[in-house]
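Since the structure comes first, as structure tokens, the remarks are kept for the end.
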Amino acid sequence: MTNQETQFTNVSLSDGTVTNILVSGEAITYVGTDSKITAEVIDCTGLLALSGFVDLHTHLREPGFEQSETILTGSKAAAKGGFTCVHPMANTNPVADNSAVVEQVLALGEAAGYVQVQPIGAVTSNLEGKNLADLGKMNSSAAKVTVFSDDGKCVSDSLVMRRALEYVKAFGGVIAQHAQDPQLTVNAQMNESALSLKLGLTGWPAVAEEAIIARDVLLTEEVGSRLHVCHVSTKGSVDVIRWAKSRGINVTAEVTPHHLILTEDLVSEYNPVYKVNPPLRSNDDVKALREAVADGTIDIIATDHAPHTADSKDCEWGEAAFGMIGLETAAAIAKTTLIDTGLIGWEKFEELLSKNPAKISGLSGQGQKLVSGSVANIVFFDPRTSYTVDASTESKSSNNPYVGMKLSGTVVHTMFRGTLTVKNSMIQEIGTKND
Ligand SMILES: [Zn+2]
């Protein structure tokens with residue numbers, strides 16, 4: 001590790017303070033208006049410095065699906081998007097349902113070096129929904145897994161879900177549920193609505209999500225455990241979570257950038273780039289989700305970055321894979337939908353993308369206040385820019401639904417543990433940092 005010092009000058013913090021930030025080695029060593037003599041000075045006039053973003057829901061596809069993404073390419077996409085930590089989901093091949101696989105993912109993340117890769121473990125063995133995976137062993141492994149999810153599939157068996165909640169309670173873990181009643185969504189292709197009837201695509205009813213969330217918050221209350229709800233997509237889900245929180249149930253919830261900005265109308269083109277699980281919903285749902293972020297019912301924004309090869313997306317709607325990439329556009333979508341609309345301010349923005357997700361997974365060194373002594377995980381964000389999204393990406397996949405869309409806000413620099421992974425919006429080669 002180098003002992004190089006970098007000074008970021010004239011930068012705004014989320015509370016509006018304009019200041020200088022000095023980074024030495026891996027840590028922030030000074031925040032204040034004094035100027036220090038350092039090897040490198042980066043003028044950040046007009047930029048915001050925020051705690052590095054933390055994604056609680058990412059698909060990095062390795063091991064097993066390296067044709068779509070690798071831990072290295074996904075880490076670069078994450079850094080480009082301002083992230084300093086991502087939580088890859090367990091639906092790899094082999095499934096991350098044991099210590100060996102989560103430790104492999106952790107090691108590959110460390111080798112890549114662009115972000116902290118903090119694996120999520122499967123709830124059930126091979127994501128089959130039947131027998132609990134080795135949750136305790138994954139927690140006590142080198143990967144220190146605290147978040148467990150069968151994401152991609154729902155833990156639909158109530159008894160299995162109850163046992164999982166009981167099991168993680170012992171060590172303060174959390175179950176992150178992909179809420180989708182499998183019986184109500186057999187062959188489902190898009191939001192169930194007048195439009196799905198018109199298009200002749202099998203509908204995916206809102207209640208398939210809402211009924212699972214309602215059951216799970218009640219199980220969580222009964223067990224006295226912790227639940228996190230992945231990718232909330234409907235107004236009814238928001239109502240259930242709001243009720244659960246008012247009752248004191250220990251539940252947190254996430255929304256994806258795409259559910260904050262895209263609607264089911266896009267499906268009319270039958271372009272599979274808009275095919276996603278859960279599906280794009282109505283305008284009313286989008287409005288309810290944005291309001292739920294603003295009032296705290298939804299705690300975090302998580303990308304559900306889901307890379308797929310061209311082959312699995314450039315085909316008929318019914319054959320296409322579910323999912324879209326999203327690490328590089330997440331912050332701009334959050335800014336466009338929540339800041340530009342006046343729903344939230346920058347402190348809330350920082351909570352949604354950094355502090356709250358770090359808190360949910362119990363990370364140290366992420367989601368911290370930018371003060372002297374903190375690990376230097378920082379994103380420098382330009383709130384003044386607006387631009388049309390193009391197809392360029394660090395991801396290995398190109399299933400980007402935002403190409404051609406106008407967004408605002410740009411990640412300019414990302415610093416991970418004192419190393420600039422992105423500088424002037426360009427990914428840096430960091431393999432030579434020890435030279
Ligand atoms: Zn999911």
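Chain identifiers are assigned as A, B, and so on, following the order in which chains appear in the structure tokens; residues are numbered from 1 within each chain, and ligands are numbered from 1 in order of appearance.
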Can I get the residues of chain A within 12 Å of ligand 1, each with the closest pair of atoms and their distance in Å to one decimal, using only C-alpha atoms and all ligand atoms, sorted chain first then ascending number, as JSON lines?
```
{"residue": "A:Leu56", "atom": "CA", "partner": "ligand 1", "partner_atom_place_in_ligand_line": "1 (Zn)", "distance": 11.5}
{"residue": "A:His57", "atom": "CA", "partner": "ligand 1", "partner_atom_place_in_ligand_line": "1 (Zn)", "distance": 8.3}
{"residue": "A:Thr58", "atom": "CA", "partner": "ligand 1", "partner_atom_place_in_ligand_line": "1 (Zn)", "distance": 9.6}
{"residue": "A:His59", "atom": "CA", "partner": "ligand 1", "partner_atom_place_in_ligand_line": "1 (Zn)", "distance": 9.7}
{"residue": "A:Pro88", "atom": "CA", "partner": "ligand 1", "partner_atom_place_in_ligand_line": "1 (Zn)", "distance": 11.7}
{"residue": "A:Met89", "atom": "CA", "partner": "ligand 1", "partner_atom_place_in_ligand_line": "1 (Zn)", "distance": 8.9}
{"residue": "A:Ala90", "atom": "CA", "partner": "ligand 1", "partner_atom_place_in_ligand_line": "1 (Zn)", "distance": 10.8}
{"residue": "A:Asn91", "atom": "CA", "partner": "ligand 1", "partner_atom_place_in_ligand_line": "1 (Zn)", "distance": 10.0}
{"residue": "A:Ser149", "atom": "CA", "partner": "ligand 1", "partner_atom_place_in_ligand_line": "1 (Zn)", "distance": 8.9}
{"residue": "A:Asp150", "atom": "CA", "partner": "ligand 1", "partner_atom_place_in_ligand_line": "1 (Zn)", "distance": 8.2}
{"residue": "A:Asp151", "atom": "CA", "partner": "ligand 1", "partner_atom_place_in_ligand_line": "1 (Zn)", "distance": 4.5}
{"residue": "A:Gly152", "atom": "CA", "partner": "ligand 1", "partner_atom_place_in_ligand_line": "1 (Zn)", "distance": 4.5}
{"residue": "A:Lys153", "atom": "CA", "partner": "ligand 1", "partner_atom_place_in_ligand_line": "1 (Zn)", "distance": 6.8}
{"residue": "A:Cys154", "atom": "CA", "partner": "ligand 1", "partner_atom_place_in_ligand_line": "1 (Zn)", "distance": 8.1}
{"residue": "A:Val155", "atom": "CA", "partner": "ligand 1", "partner_atom_place_in_ligand_line": "1 (Zn)", "distance": 11.2}
{"residue": "A:Ala176", "atom": "CA", "partner": "ligand 1", "partner_atom_place_in_ligand_line": "1 (Zn)", "distance": 9.4}
{"residue": "A:Gln177", "atom": "CA", "partner": "ligand 1", "partner_atom_place_in_ligand_line": "1 (Zn)", "distance": 7.9}
{"residue": "A:His178", "atom": "CA", "partner": "ligand 1", "partner_atom_place_in_ligand_line": "1 (Zn)", "distance": 4.8}
{"residue": "A:Ala179", "atom": "CA", "partner": "ligand 1", "partner_atom_place_in_ligand_line": "1 (Zn)", "distance": 7.8}
{"residue": "A:Gln180", "atom": "CA", "partner": "ligand 1", "partner_atom_place_in_ligand_line": "1 (Zn)", "distance": 8.7}
{"residue": "A:Glu209", "atom": "CA", "partner": "ligand 1", "partner_atom_place_in_ligand_line": "1 (Zn)", "distance": 11.1}
{"residue": "A:His228", "atom": "CA", "partner": "ligand 1", "partner_atom_place_in_ligand_line": "1 (Zn)", "distance": 11.9}
{"residue": "A:Val229", "atom": "CA", "partner": "ligand 1", "partner_atom_place_in_ligand_line": "1 (Zn)", "distance": 9.6}
{"residue": "A:Cys230", "atom": "CA", "partner": "ligand 1", "partner_atom_place_in_ligand_line": "1 (Zn)", "distance": 6.4}
{"residue": "A:His231", "atom": "CA", "partner": "ligand 1", "partner_atom_place_in_ligand_line": "1 (Zn)", "distance": 6.6}
{"residue": "A:Val232", "atom": "CA", "partner": "ligand 1", "partner_atom_place_in_ligand_line": "1 (Zn)", "distance": 9.6}
{"residue": "A:Ser233", "atom": "CA", "partner": "ligand 1", "partner_atom_place_in_ligand_line": "1 (Zn)", "distance": 10.9}
{"residue": "A:Glu254", "atom": "CA", "partner": "ligand 1", "partner_atom_place_in_ligand_line": "1 (Zn)", "distance": 10.9}
{"residue": "A:Val255", "atom": "CA", "partner": "ligand 1", "partner_atom_place_in_ligand_line": "1 (Zn)", "distance": 10.9}
{"residue": "A:Thr256", "atom": "CA", "partner": "ligand 1", "partner_atom_place_in_ligand_line": "1 (Zn)", "distance": 10.3}
{"residue": "A:Val276", "atom": "CA", "partner": "ligand 1", "partner_atom_place_in_ligand_line": "1 (Zn)", "distance": 9.3}
{"residue": "A:Asn277", "atom": "CA", "partner": "ligand 1", "partner_atom_place_in_ligand_line": "1 (Zn)", "distance": 6.3}
{"residue": "A:Pro278", "atom": "CA", "partner": "ligand 1", "partner_atom_place_in_ligand_line": "1 (Zn)", "distance": 7.0}
{"residue": "A:Pro279", "atom": "CA", "partner": "ligand 1", "partner_atom_place_in_ligand_line": "1 (Zn)", "distance": 10.5}
{"residue": "A:Ala302", "atom": "CA", "partner": "ligand 1", "partner_atom_place_in_ligand_line": "1 (Zn)", "distance": 10.8}
{"residue": "A:Thr303", "atom": "CA", "partner": "ligand 1", "partner_atom_place_in_ligand_line": "1 (Zn)", "distance": 10.4}
{"residue": "A:Asp304", "atom": "CA", "partner": "ligand 1", "partner_atom_place_in_ligand_line": "1 (Zn)", "distance": 7.0}
{"residue": "A:His305", "atom": "CA", "partner": "ligand 1", "partner_atom_place_in_ligand_line": "1 (Zn)", "distance": 10.0}
{"residue": "A:Ala306", "atom": "CA", "partner": "ligand 1", "partner_atom_place_in_ligand_line": "1 (Zn)", "distance": 9.4}
{"residue": "A:Phe322", "atom": "CA", "partner": "ligand 1", "partner_atom_place_in_ligand_line": "1 (Zn)", "distance": 9.7}
{"residue": "A:Gly323", "atom": "CA", "partner": "ligand 1", "partner_atom_place_in_ligand_line": "1 (Zn)", "distance": 9.1}
{"residue": "A:Met324", "atom": "CA", "partner": "ligand 1", "partner_atom_place_in_ligand_line": "1 (Zn)", "distance": 11.6}
```
### Task
Please provide the set of residues having any atom within 8 Å of segment 384-392 of chain A, restricted to only C-alpha atoms, with same-chain residues fewer than 3 positions apart removed, written as a PyMOL selection string.
chain A and resi 46+398+400+402-410
### Spatial neighbours of Lys359 of chain A, max dist 10 Å, only C-alpha atoms, sep filter under 6 positions, as a PyMOL selection string
chain A and resi 54+351+366-368
Keeping C-alpha atoms for every residue in the selection just given, could you write it to a file as an mmCIF file, in the first residue's frame?
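Output contents, as saved in part-v2.cif:
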```cif
data_model
loop_
_atom_site.group_PDB
_atom_site.id
_atom_site.type_symbol
_atom_site.label_atom_id
_atom_site.label_comp_id
_atom_site.auth_asym_id
_atom_site.auth_seq_id
_atom_site.Cartn_x
_atom_site.Cartn_y
_atom_site.Cartn_z
ATOM 1 C CA VAL A 54 -22.930 0.191 -1.276
ATOM 2 C CA GLU A 351 -28.313 7.288 3.266
ATOM 3 C CA GLN A 366 -18.421 1.408 4.401
ATOM 4 C CA GLY A 367 -21.268 3.881 4.670
ATOM 5 C CA GLN A 368 -19.312 6.014 7.099
#
```
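Excluding Leu420 of chain A and any residue on its chain fewer than 6 positions from it, the residues at most 10 Å away by only C-alpha atoms are Thr6, Ala79, Tyr114, Ala376, Asn377, Ile378, Val379, His413, Thr414, Ile427, Gln428, Glu429, Ile430 and Lys433 of chain A.
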Using all heavy atoms, can you export the residues from the last selection as a tab-separated table (two decimals), in the first residue's frame?
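The resulting result12.tsv:
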```
chain	number	residue	atom	x	y	z
A	6	THR	N	-3.46	12.39	-1.06
A	6	THR	CA	-4.25	13.10	-2.07
A	6	THR	C	-5.15	14.09	-1.35
A	6	THR	O	-5.77	13.74	-0.34
A	6	THR	CB	-5.11	12.12	-2.88
A	6	THR	OG1	-4.28	11.09	-3.40
A	6	THR	CG2	-5.81	12.83	-4.03
A	79	ALA	N	-17.46	0.29	-9.63
A	79	ALA	CA	-16.61	1.46	-9.34
A	79	ALA	C	-17.02	2.64	-10.23
A	79	ALA	O	-17.14	3.78	-9.77
A	79	ALA	CB	-15.14	1.11	-9.55
A	114	TYR	N	-11.32	-3.53	-7.03
A	114	TYR	CA	-12.02	-2.27	-7.36
A	114	TYR	C	-13.07	-1.86	-6.32
A	114	TYR	O	-13.36	-0.67	-6.18
A	114	TYR	CB	-12.68	-2.38	-8.74
A	114	TYR	CG	-11.69	-2.16	-9.85
A	114	TYR	CD1	-10.97	-3.22	-10.39
A	114	TYR	CD2	-11.45	-0.89	-10.35
A	114	TYR	CE1	-10.03	-3.01	-11.38
A	114	TYR	CE2	-10.52	-0.66	-11.34
A	114	TYR	CZ	-9.82	-1.72	-11.86
A	114	TYR	OH	-8.89	-1.51	-12.85
A	376	ALA	N	-11.12	5.60	3.52
A	376	ALA	CA	-11.35	6.50	2.37
A	376	ALA	C	-12.12	5.79	1.26
A	376	ALA	O	-11.58	5.43	0.21
A	376	ALA	CB	-10.03	7.05	1.86
A	377	ASN	N	-13.41	5.56	1.51
A	377	ASN	CA	-14.34	5.07	0.49
A	377	ASN	C	-15.26	6.24	0.15
A	377	ASN	O	-16.17	6.57	0.91
A	377	ASN	CB	-15.15	3.89	1.02
A	377	ASN	CG	-14.31	2.65	1.21
A	377	ASN	OD1	-13.44	2.36	0.39
A	377	ASN	ND2	-14.53	1.93	2.29
A	378	ILE	N	-14.99	6.87	-0.99
A	378	ILE	CA	-15.64	8.15	-1.31
A	378	ILE	C	-16.04	8.18	-2.78
A	378	ILE	O	-15.30	7.70	-3.65
A	378	ILE	CB	-14.68	9.34	-1.07
A	378	ILE	CG1	-13.91	9.20	0.25
A	378	ILE	CG2	-15.44	10.67	-1.08
A	378	ILE	CD1	-12.79	10.23	0.44
A	379	VAL	N	-17.20	8.76	-3.06
A	379	VAL	CA	-17.57	9.03	-4.45
A	379	VAL	C	-17.69	10.54	-4.63
A	379	VAL	O	-18.22	11.24	-3.76
A	379	VAL	CB	-18.86	8.28	-4.85
A	379	VAL	CG1	-20.01	8.57	-3.92
A	379	VAL	CG2	-19.27	8.62	-6.29
A	413	HIS	N	-15.19	10.89	-9.74
A	413	HIS	CA	-14.10	10.07	-9.17
A	413	HIS	C	-14.70	9.10	-8.17
A	413	HIS	O	-15.66	9.44	-7.46
A	413	HIS	CB	-13.09	10.92	-8.39
A	413	HIS	CG	-12.66	12.18	-9.05
A	413	HIS	ND1	-12.05	12.21	-10.29
A	413	HIS	CD2	-12.74	13.47	-8.63
A	413	HIS	CE1	-11.78	13.47	-10.60
A	413	HIS	NE2	-12.20	14.26	-9.61
A	414	THR	N	-14.10	7.91	-8.11
A	414	THR	CA	-14.44	6.97	-7.03
A	414	THR	C	-13.14	6.57	-6.34
A	414	THR	O	-12.16	6.24	-7.02
A	414	THR	CB	-15.14	5.70	-7.56
A	414	THR	OG1	-16.23	6.07	-8.39
A	414	THR	CG2	-15.65	4.84	-6.40
A	427	ILE	N	-12.29	4.60	-15.75
A	427	ILE	CA	-11.82	3.52	-14.87
A	427	ILE	C	-10.29	3.50	-14.89
A	427	ILE	O	-9.68	3.72	-15.94
A	427	ILE	CB	-12.44	2.17	-15.31
A	427	ILE	CG1	-12.35	1.13	-14.19
A	427	ILE	CG2	-11.85	1.66	-16.58
A	427	ILE	CD1	-13.45	1.19	-13.19
A	428	GLN	N	-9.70	3.31	-13.73
A	428	GLN	CA	-8.24	3.32	-13.62
A	428	GLN	C	-7.71	1.88	-13.59
A	428	GLN	O	-8.38	0.98	-13.07
A	428	GLN	CB	-7.81	4.05	-12.34
A	428	GLN	CG	-8.30	5.48	-12.26
A	428	GLN	CD	-7.69	6.36	-13.35
A	428	GLN	OE1	-6.50	6.61	-13.36
A	428	GLN	NE2	-8.53	6.81	-14.28
A	429	GLU	N	-6.55	1.69	-14.14
A	429	GLU	CA	-5.88	0.39	-13.98
A	429	GLU	C	-5.21	0.43	-12.63
A	429	GLU	O	-4.35	1.27	-12.38
A	429	GLU	CB	-4.87	0.14	-15.10
A	429	GLU	CG	-5.54	-0.11	-16.45
A	429	GLU	CD	-6.58	-1.23	-16.42
A	429	GLU	OE1	-6.35	-2.24	-15.73
A	429	GLU	OE2	-7.64	-1.09	-17.06
A	430	ILE	N	-5.60	-0.45	-11.73
A	430	ILE	CA	-5.10	-0.33	-10.36
A	430	ILE	C	-4.14	-1.44	-10.00
A	430	ILE	O	-3.63	-1.48	-8.90
A	430	ILE	CB	-6.26	-0.31	-9.35
A	430	ILE	CG1	-7.08	-1.59	-9.47
A	430	ILE	CG2	-7.12	0.91	-9.56
A	430	ILE	CD1	-8.09	-1.73	-8.36
A	433	LYS	N	-0.65	-0.47	-8.36
A	433	LYS	CA	-0.62	0.54	-7.29
A	433	LYS	C	0.51	0.32	-6.30
A	433	LYS	O	0.85	1.22	-5.55
A	433	LYS	CB	-1.97	0.58	-6.57
A	433	LYS	CG	-2.28	-0.64	-5.75
A	433	LYS	CD	-3.64	-0.49	-5.09
A	433	LYS	CE	-3.97	-1.73	-4.29
A	433	LYS	NZ	-5.28	-1.65	-3.67
```
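Among the candidates A:Lys369, A:Lys348, A:Lys275, A:Arg281, the residue lying nearest to Pro401 of chain A is A:Lys275 (atoms considered: only C-alpha atoms).
Of the residues in segment 233-276 of chain A, those given alpha helix (DSSP H) by DSSP on the backbone are A:Lys235, A:Gly236, A:Ser237, A:Val238, A:Asp239, A:Val240, A:Ile241, A:Arg242, A:Trp243, A:Ala244, A:Lys245, A:Ser246, A:Pro257, A:His258, A:His259, A:Leu260, A:Ile261.
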Those residues you just picked out, can you put them in a file as a compact mmCIF listing (two decimals), in the first residue's frame with C-alpha atoms?
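So the final result, stored in result_20.txt, reads:
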```txt
# COMPACT_ATOMS: atom_id res chain seq x y z
CA LYS A 235 -47.88 0.25 -4.23
CA GLY A 236 -49.49 -2.56 -2.23
CA SER A 237 -46.06 -3.83 -1.12
CA VAL A 238 -45.25 -0.34 0.11
CA ASP A 239 -48.49 -0.30 2.12
CA VAL A 240 -47.68 -3.64 3.76
CA ILE A 241 -44.13 -2.57 4.65
CA ARG A 242 -45.35 0.77 6.00
CA TRP A 243 -47.83 -1.09 8.20
CA ALA A 244 -45.14 -3.53 9.38
CA LYS A 245 -42.77 -0.73 10.31
CA SER A 246 -45.51 1.12 12.19
CA PRO A 257 -33.44 2.26 -10.02
CA HIS A 258 -35.48 0.72 -12.85
CA HIS A 259 -38.62 0.49 -10.74
CA LEU A 260 -38.22 4.20 -9.96
CA ILE A 261 -38.09 5.30 -13.58
```
Long-range neighbours of Gly32 of chain A as a PDB file with N, CA and C atoms, in the first residue's frame, 12 Å cut-off, only C-alpha atoms, 6 positions minimum in chain:
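Saved as part38.pdb:
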```
ATOM      1  N   GLN A   7      -5.210  15.289  -1.892  1.00  0.00           N
ATOM      2  CA  GLN A   7      -6.101  16.285  -1.302  1.00  0.00           C
ATOM      3  C   GLN A   7      -7.183  16.669  -2.314  1.00  0.00           C
ATOM      4  N   PHE A   8      -8.420  16.532  -1.881  1.00  0.00           N
ATOM      5  CA  PHE A   8      -9.559  16.937  -2.701  1.00  0.00           C
ATOM      6  C   PHE A   8     -10.022  18.292  -2.168  1.00  0.00           C
ATOM      7  N   THR A   9      -9.979  19.296  -3.005  1.00  0.00           N
ATOM      8  CA  THR A   9     -10.269  20.639  -2.503  1.00  0.00           C
ATOM      9  C   THR A   9     -11.627  21.158  -2.987  1.00  0.00           C
ATOM     10  N   ASN A  10     -12.219  22.034  -2.168  1.00  0.00           N
ATOM     11  CA  ASN A  10     -13.465  22.751  -2.510  1.00  0.00           C
ATOM     12  C   ASN A  10     -14.623  21.830  -2.829  1.00  0.00           C
ATOM     13  N   VAL A  11     -14.719  20.726  -2.092  1.00  0.00           N
ATOM     14  CA  VAL A  11     -15.773  19.758  -2.352  1.00  0.00           C
ATOM     15  C   VAL A  11     -16.932  19.985  -1.375  1.00  0.00           C
ATOM     16  N   SER A  12     -18.147  19.727  -1.816  1.00  0.00           N
ATOM     17  CA  SER A  12     -19.322  19.866  -0.942  1.00  0.00           C
ATOM     18  C   SER A  12     -19.673  18.528  -0.318  1.00  0.00           C
ATOM     19  N   LEU A  13     -19.938  18.528   0.984  1.00  0.00           N
ATOM     20  CA  LEU A  13     -20.459  17.323   1.638  1.00  0.00           C
ATOM     21  C   LEU A  13     -21.981  17.309   1.503  1.00  0.00           C
ATOM     22  N   THR A  17     -21.739  21.581   3.529  1.00  0.00           N
ATOM     23  CA  THR A  17     -20.444  22.146   3.901  1.00  0.00           C
ATOM     24  C   THR A  17     -19.461  22.048   2.733  1.00  0.00           C
ATOM     25  N   VAL A  18     -18.767  23.143   2.445  1.00  0.00           N
ATOM     26  CA  VAL A  18     -17.712  23.092   1.421  1.00  0.00           C
ATOM     27  C   VAL A  18     -16.372  22.982   2.139  1.00  0.00           C
ATOM     28  N   THR A  19     -15.566  22.005   1.750  1.00  0.00           N
ATOM     29  CA  THR A  19     -14.378  21.709   2.542  1.00  0.00           C
ATOM     30  C   THR A  19     -13.300  21.039   1.687  1.00  0.00           C
ATOM     31  N   ASN A  20     -12.193  20.707   2.330  1.00  0.00           N
ATOM     32  CA  ASN A  20     -11.139  19.918   1.692  1.00  0.00           C
ATOM     33  C   ASN A  20     -11.057  18.571   2.406  1.00  0.00           C
ATOM     34  N   ILE A  21     -10.731  17.541   1.653  1.00  0.00           N
ATOM     35  CA  ILE A  21     -10.578  16.205   2.242  1.00  0.00           C
ATOM     36  C   ILE A  21      -9.178  15.707   1.921  1.00  0.00           C
ATOM     37  N   LEU A  22      -8.460  15.323   2.953  1.00  0.00           N
ATOM     38  CA  LEU A  22      -7.121  14.772   2.770  1.00  0.00           C
ATOM     39  C   LEU A  22      -7.165  13.272   3.005  1.00  0.00           C
ATOM     40  N   LEU A 370     -17.896  11.063   6.278  1.00  0.00           N
ATOM     41  CA  LEU A 370     -16.576  11.451   5.767  1.00  0.00           C
ATOM     42  C   LEU A 370     -15.899  12.358   6.796  1.00  0.00           C
ATOM     43  N   VAL A 371     -15.247  11.720   7.746  1.00  0.00           N
ATOM     44  CA  VAL A 371     -14.527  12.459   8.784  1.00  0.00           C
ATOM     45  C   VAL A 371     -13.145  11.850   8.938  1.00  0.00           C
ATOM     46  N   SER A 372     -12.270  12.593   9.592  1.00  0.00           N
ATOM     47  CA  SER A 372     -10.924  12.092   9.832  1.00  0.00           C
ATOM     48  C   SER A 372     -11.003  10.772  10.590  1.00  0.00           C
TER      49      SER A 372
END
```
### Task
Can you pull out every residue within 12 Å of Leu363 of chain A, counting only C-alpha atoms, but drop anything in the same chain fewer than 5 positions away, and send it as a PyMOL selection string?
chain A and resi 54-56+84-87+116-119+143-147+173+354-358+368+375
### Task
Can you check which residues of segment 4-235 of chain A DSSP gives as strand (DSSP E or B) on the backbone and send them as an MDAnalysis selection string?
chainID A and resid 5:12 18:24 27:32 40:43 48:51 53:58 83:88 116:117 121 124 132 147:148 174:177 190:191 203:204 227:229
Dump of C-alpha atoms for the selected residues, as a CSV table (one decimal), in the first residue's frame:
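Result went into out_25.csv, see below:
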```csv
chain,number,residue,atom,x,y,z
A,5,GLU,CA,-1.5,11.7,0.0
A,6,THR,CA,-4.2,13.1,-2.1
A,7,GLN,CA,-6.1,16.3,-1.3
A,8,PHE,CA,-9.6,16.9,-2.7
A,9,THR,CA,-10.3,20.6,-2.5
A,10,ASN,CA,-13.5,22.8,-2.5
A,11,VAL,CA,-15.8,19.8,-2.4
A,12,SER,CA,-19.3,19.9,-0.9
A,18,VAL,CA,-17.7,23.1,1.4
A,19,THR,CA,-14.4,21.7,2.5
A,20,ASN,CA,-11.1,19.9,1.7
A,21,ILE,CA,-10.6,16.2,2.2
A,22,LEU,CA,-7.1,14.8,2.8
A,23,VAL,CA,-6.5,11.1,2.2
A,24,SER,CA,-3.4,9.3,3.3
A,27,ALA,CA,-7.8,6.6,5.4
A,28,ILE,CA,-9.3,10.0,5.5
A,29,THR,CA,-6.9,11.9,7.7
A,30,TYR,CA,-8.3,15.5,7.6
A,31,VAL,CA,-11.5,17.2,6.7
A,32,GLY,CA,-11.5,21.0,6.9
A,40,GLU,CA,-1.7,15.3,-5.6
A,41,VAL,CA,-4.3,18.0,-5.4
A,42,ILE,CA,-7.6,17.4,-7.1
A,43,ASP,CA,-9.9,20.4,-7.5
A,48,LEU,CA,-20.3,16.5,-4.0
A,49,ALA,CA,-18.2,14.1,-1.9
A,50,LEU,CA,-20.4,11.3,-0.6
A,51,SER,CA,-19.7,8.1,1.3
A,53,PHE,CA,-22.0,3.7,-2.6
A,54,VAL,CA,-22.9,0.2,-1.3
A,55,ASP,CA,-25.1,-2.1,-3.4
A,56,LEU,CA,-26.9,-4.7,-1.4
A,57,HIS,CA,-28.2,-6.5,-4.5
A,58,THR,CA,-25.8,-7.3,-7.4
A,83,PHE,CA,-19.8,2.0,-5.6
A,84,THR,CA,-17.1,0.9,-3.1
A,85,CYS,CA,-18.9,-2.2,-2.0
A,86,VAL,CA,-21.3,-4.7,-3.7
A,87,HIS,CA,-23.1,-7.7,-2.4
A,88,PRO,CA,-23.2,-10.4,-5.1
A,116,GLN,CA,-15.3,-4.6,-1.6
A,117,VAL,CA,-17.1,-7.8,-2.7
A,121,GLY,CA,-25.2,-16.6,1.0
A,124,THR,CA,-31.5,-23.0,1.1
A,132,LEU,CA,-31.5,-24.6,4.9
A,147,VAL,CA,-27.2,-11.4,4.5
A,148,PHE,CA,-28.8,-14.5,3.0
A,174,VAL,CA,-30.9,-11.0,7.9
A,175,ILE,CA,-32.9,-12.9,5.3
A,176,ALA,CA,-33.3,-10.9,2.1
A,177,GLN,CA,-36.4,-12.2,0.4
A,190,MET,CA,-45.1,-8.9,-17.4
A,191,ASN,CA,-47.2,-6.9,-14.9
A,203,GLY,CA,-49.7,-11.4,-16.2
A,204,TRP,CA,-47.6,-11.2,-13.0
A,227,LEU,CA,-36.2,-9.3,7.2
A,228,HIS,CA,-35.1,-7.4,4.2
A,229,VAL,CA,-37.4,-7.2,1.2
```
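Of the listed residues A:Gly342, A:Gly16, A:Gly25, A:Gly82, the one whose atoms come nearest to Leu327 of chain A is A:Gly82, with distances taken using only C-alpha atoms.
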### Message
From the options A:Asp181, A:Glu328, A:Asp134, A:Glu192, which residue's atoms come nearest to Tyr167 of chain A, counting only C-alpha atoms?
### Response
A:Asp134
